[in-house]
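Beneath this line is the structure, given in structure tokens, with notes to follow.
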Protein chains: 2
Amino acid sequence: MNRLFTEADSADIVVERLASCEDPRFREVMEAAIRHLHAFVKEVEPTVEEWSRAIEFLTATGQMCDDRRQEWVLASDVLGVSMLMETLNNRAQDGCTEATVLGPFHVEGAPQLEPGGNICRDGKGMPCHVSGRVTDSDGEPLAGASLDVWQTNADGYYDVQQPDLQPAMNLRGRFVTDPEGRYAFRTVKPVSYPVPTDGPVGDILNRMGRHAWRPAHIHFIVTKPGYRRLVTHIFAHDDPYIDSDAVFGVKDSLLVEFREQDDAARARELGMESPFCAAEFDIRLARLP
Amino acid sequence: MNRLFTEADSADIVVERLASCEDPRFREVMEAAIRHLHAFVKEVEPTVEEWSRAIEFLTATGQMCDDRRQEWVLASDVLGVSMLMETLNNRAQDGCTEATVLGPFHVEGAPQLEPGGNICRDGKGMPCHVSGRVTDSDGEPLAGASLDVWQTNADGYYDVQQPDLQPAMNLRGRFVTDPEGRYAFRTVKPVSYPVPTDGPVGDILNRMGRHAWRPAHIHFIVTKPGYRRLVTHIFAHDDPYIDSDAVFGVKDSLLVEFREQDDAARARELGMESPFCAAEFDIRLARLP
């Protein structure tokens, strides 16, 4: 005989119904979700109208999602949950490169380019050279590591946000490190840009009194068999939004300088126009146990 | 200068960004939501794969919703949140009829019928007479109170779940109390039925090891200007699922007996066939302050 619902024991009564759950991990997660959900509702005591608005938000956020837009990932991002997830899942990696959020704009199947290749296909923005080494946590070079990099164009939009205005796969590319663990690619200097605000998540950002801007950054996913997959960004250290990233992605160790320079010889050597800017970022991957 | 993200202070750091929120209630709700969300994530430490499955669930639940189906309300129902909401919003109504969940199948604009009218339009099931009085908390009759009632047909489906099989507005009707506060309507004996399990909420019910059944019931919304709107059900007291309602809606005070009877004279008087069943349920509304 189950107990009938009461306000005082509401969470316990719902949790008791998990008695026949056969998946202990699912049971643990659902129990925690139910307890926090009930505690939250009791704490704020929503009116029926507020509950209806919550249902509308939940519904609209799912309905905003399609192949090109993941509004729930954006919700997770702006509430700091994505960043918390990345942090929890990448602890205790002493000396290794810190992770940050994946974000909603990663696309599988970016073009595989030669070292030093140019990911910019629209010709806009200040030319930029990015390079560094991928090593293990002891600094030993990792040859054959894969880098998947992406960023917005100089107007602050990812290619998938402007399918009619940008070439497909603009500012996306995959690279492999050389025998010394080196990587390099050409791109344009990243710019700060707002996360999309035309959906339900934009509405709550606005109602929270928050701006939607992310400081200029380039996304990286770095992988090598036997090593932990790294999802991170590099950030322009002097960006005006560096301490107020809408998705909380910034970590001190991920700040880099995009140094502007007017060195025609060096530019020629790199296959670039002058002036250009350059950033260096070394990456340390954690070996899997 | 905002603080950069850290695991230890993650919720505080996100909450600090509400500093410019101009709506104190929204700020209070978002702060509580953020704190519980971060506490939940820290408690269960989801893997990236679990987080992805959560994003898929959240997305699919919104995408399951349309004019006829509100999967988020169903999620709220099966997690006991809807019932908690109803309970919180209808406390301290001593002597008044208890509320229960609205459920996802209410439809505006049900036909207005004369007292004693029949809401069953498909002719299936055992004829049933439902009657009672609507009074204030002191038992004084309330004339002109409106009742909006709905239930499944004898096969256990609401009309909106079977638009091609059931007549429109089958088992839905609106009634007004007479000068003595009396109401009466004809219908069919309600049956137990499962909540829809073909969507993401059905998946989690299944994974929780829970059944999807609701004990037999009839929904009521009772309104009168100056009185608190009552959203409730009456439940068949001897239903096999009476102590395990998938949406936690059952309260002791809402149990009624659907008495089967074979009284040809009484049936004729009520305009019914014999045998039939009858249920009586008096309703007390709380006066608004």
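Chains: A, B, ... in order of the structure tokens. Residues: from 1 per chain. Ligands: from 1, in order shown.
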
If you take only C-alpha atoms and a cut-off of 7 Å, which residues of chain B touch chain A, and what are their nearest atom pairs and distances in Å to one decimal, in chain and number order, as CSV?
residue,atom,partner,partner_atom,distance
B:Met1,CA,A:Asp243,CA,6.4
B:Asn2,CA,A:Asp243,CA,5.5
B:Arg3,CA,A:Asp243,CA,6.8
B:Leu4,CA,A:Asp243,CA,6.4
B:Phe5,CA,A:Phe248,CA,6.0
B:Glu7,CA,A:Leu84,CA,6.3
B:Ser10,CA,A:Leu84,CA,6.9
B:Val14,CA,A:Gly80,CA,6.3
B:Arg17,CA,A:Arg210,CA,6.7
B:Leu18,CA,A:Met208,CA,5.6
B:Ser20,CA,A:Gly209,CA,4.8
B:Cys21,CA,A:Gly209,CA,4.3
B:Glu22,CA,A:Gly209,CA,6.8
B:Arg27,CA,A:Met208,CA,6.7
B:Val29,CA,A:Val44,CA,6.1
B:Ala32,CA,A:Phe40,CA,6.3
B:Ala33,CA,A:Phe40,CA,6.6
B:Ile34,CA,A:Leu79,CA,6.7
B:His36,CA,A:His36,CA,5.8
B:His38,CA,A:Val81,CA,6.7
B:Phe40,CA,A:Ala32,CA,6.3
B:Val44,CA,A:Val29,CA,6.1
B:Glu45,CA,A:Leu88,CA,6.7
B:Thr47,CA,A:Asn89,CA,6.8
B:Ile55,CA,A:Trp72,CA,6.2
B:Leu58,CA,A:Gly62,CA,6.5
B:Thr59,CA,A:Gly62,CA,4.1
B:Ala60,CA,A:Gly62,CA,6.6
B:Thr61,CA,A:Gly62,CA,6.9
B:Gly62,CA,A:Thr59,CA,4.1
B:Gln63,CA,A:Gln63,CA,5.2
B:Cys65,CA,A:Thr59,CA,7.0
B:Trp72,CA,A:Ile55,CA,6.2
B:Val73,CA,A:Ile55,CA,6.8
B:Leu79,CA,A:Val14,CA,6.7
B:Gly80,CA,A:Val14,CA,6.3
B:Val81,CA,A:His38,CA,6.7
B:Leu84,CA,A:Glu7,CA,6.3
B:Thr87,CA,A:Glu7,CA,6.5
B:Leu88,CA,A:Glu45,CA,6.7
B:Asn89,CA,A:Thr47,CA,6.8
B:Arg207,CA,A:Cys21,CA,6.5
B:Met208,CA,A:Cys21,CA,4.6
B:Gly209,CA,A:Cys21,CA,4.3
B:Arg210,CA,A:Arg17,CA,6.8
B:Asp243,CA,A:Asn2,CA,5.5
B:Ser244,CA,A:Asn2,CA,6.3
B:Phe248,CA,A:Phe5,CA,6.0
B:Val250,CA,A:Leu4,CA,6.5
B:Lys251,CA,A:Leu4,CA,6.5

**Request:** Would you kindly return, as a PyMOL selection string, each protein, DNA or RNA residue with an atom no farther than 8 Å from any atom of Val195 of chain A, considering only C-alpha atoms and excluding same-chain residues fewer than 2 positions away?
**Result:** chain A and resi 193+197+212-214+246

Those same residues, written as a JSON list (two decimals), in the first residue's frame with N, CA and C atoms?
[["chain", "number", "residue", "atom", "x", "y", "z"],
["A", 193, "TYR", "N", 30.97, 38.08, -29.42],
["A", 193, "TYR", "CA", 29.66, 38.01, -30.10],
["A", 193, "TYR", "C", 28.61, 37.61, -29.06],
["A", 197, "THR", "N", 19.76, 35.41, -29.01],
["A", 197, "THR", "CA", 18.81, 35.93, -28.03],
["A", 197, "THR", "C", 17.38, 35.97, -28.58],
["A", 212, "ALA", "N", 24.33, 39.14, -23.29],
["A", 212, "ALA", "CA", 24.44, 37.84, -23.96],
["A", 212, "ALA", "C", 25.82, 37.60, -24.56],
["A", 213, "TRP", "N", 26.79, 38.45, -24.23],
["A", 213, "TRP", "CA", 28.06, 38.41, -24.95],
["A", 213, "TRP", "C", 29.03, 37.35, -24.45],
["A", 214, "ARG", "N", 29.74, 36.80, -25.40],
["A", 214, "ARG", "CA", 30.88, 35.94, -25.08],
["A", 214, "ARG", "C", 32.15, 36.64, -25.53],
["A", 246, "ALA", "N", 28.82, 35.19, -21.04],
["A", 246, "ALA", "CA", 27.43, 34.78, -20.81],
["A", 246, "ALA", "C", 27.31, 33.30, -20.45]]

**Prompt:** Quick one: of A:Gly226, A:Pro104, A:Pro194, A:Pro111, who's nearest to Arg172 of chain A, counting only C-alpha atoms?
**Reply:** A:Pro111

Name all residues at most 8 Å from Ala99 of chain B (count only C-alpha atoms; drop same-chain ones fewer than 3 positions away) and give them as a compact mmCIF listing (two decimals) with C-alpha atoms, in the first residue's frame.
# COMPACT_ATOMS: atom_id res chain seq x y z
CA GLU B 86 -2.06 22.34 -6.51
CA THR B 87 -1.55 21.56 -2.85
CA ASN B 90 -4.91 25.54 -2.15
CA LEU B 230 -11.46 24.64 -7.79
CA VAL B 231 -9.65 22.13 -10.01
CA THR B 232 -10.28 18.60 -8.82
CA HIS B 233 -11.38 15.03 -9.65

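Among the candidate residues A:Val222, A:Val107, A:Val256, A:Ala264, the one lying nearest to Asp238 of chain A is A:Val256, with distances computed using only C-alpha atoms.
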
**Message:** I need the residues of segment 178-285 of chain A that end up classed as strand (DSSP E) by DSSP on the backbone, written out as a ChimeraX atom specification.
**Reply:** /A:182-188,193-194,213-214,217-223,230-236,255-256,259-261,276-280,283-285

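From atom CA of Val101 of chain A back to atom CA of Glu180 of chain A, the distance works out to 27.9 Å.
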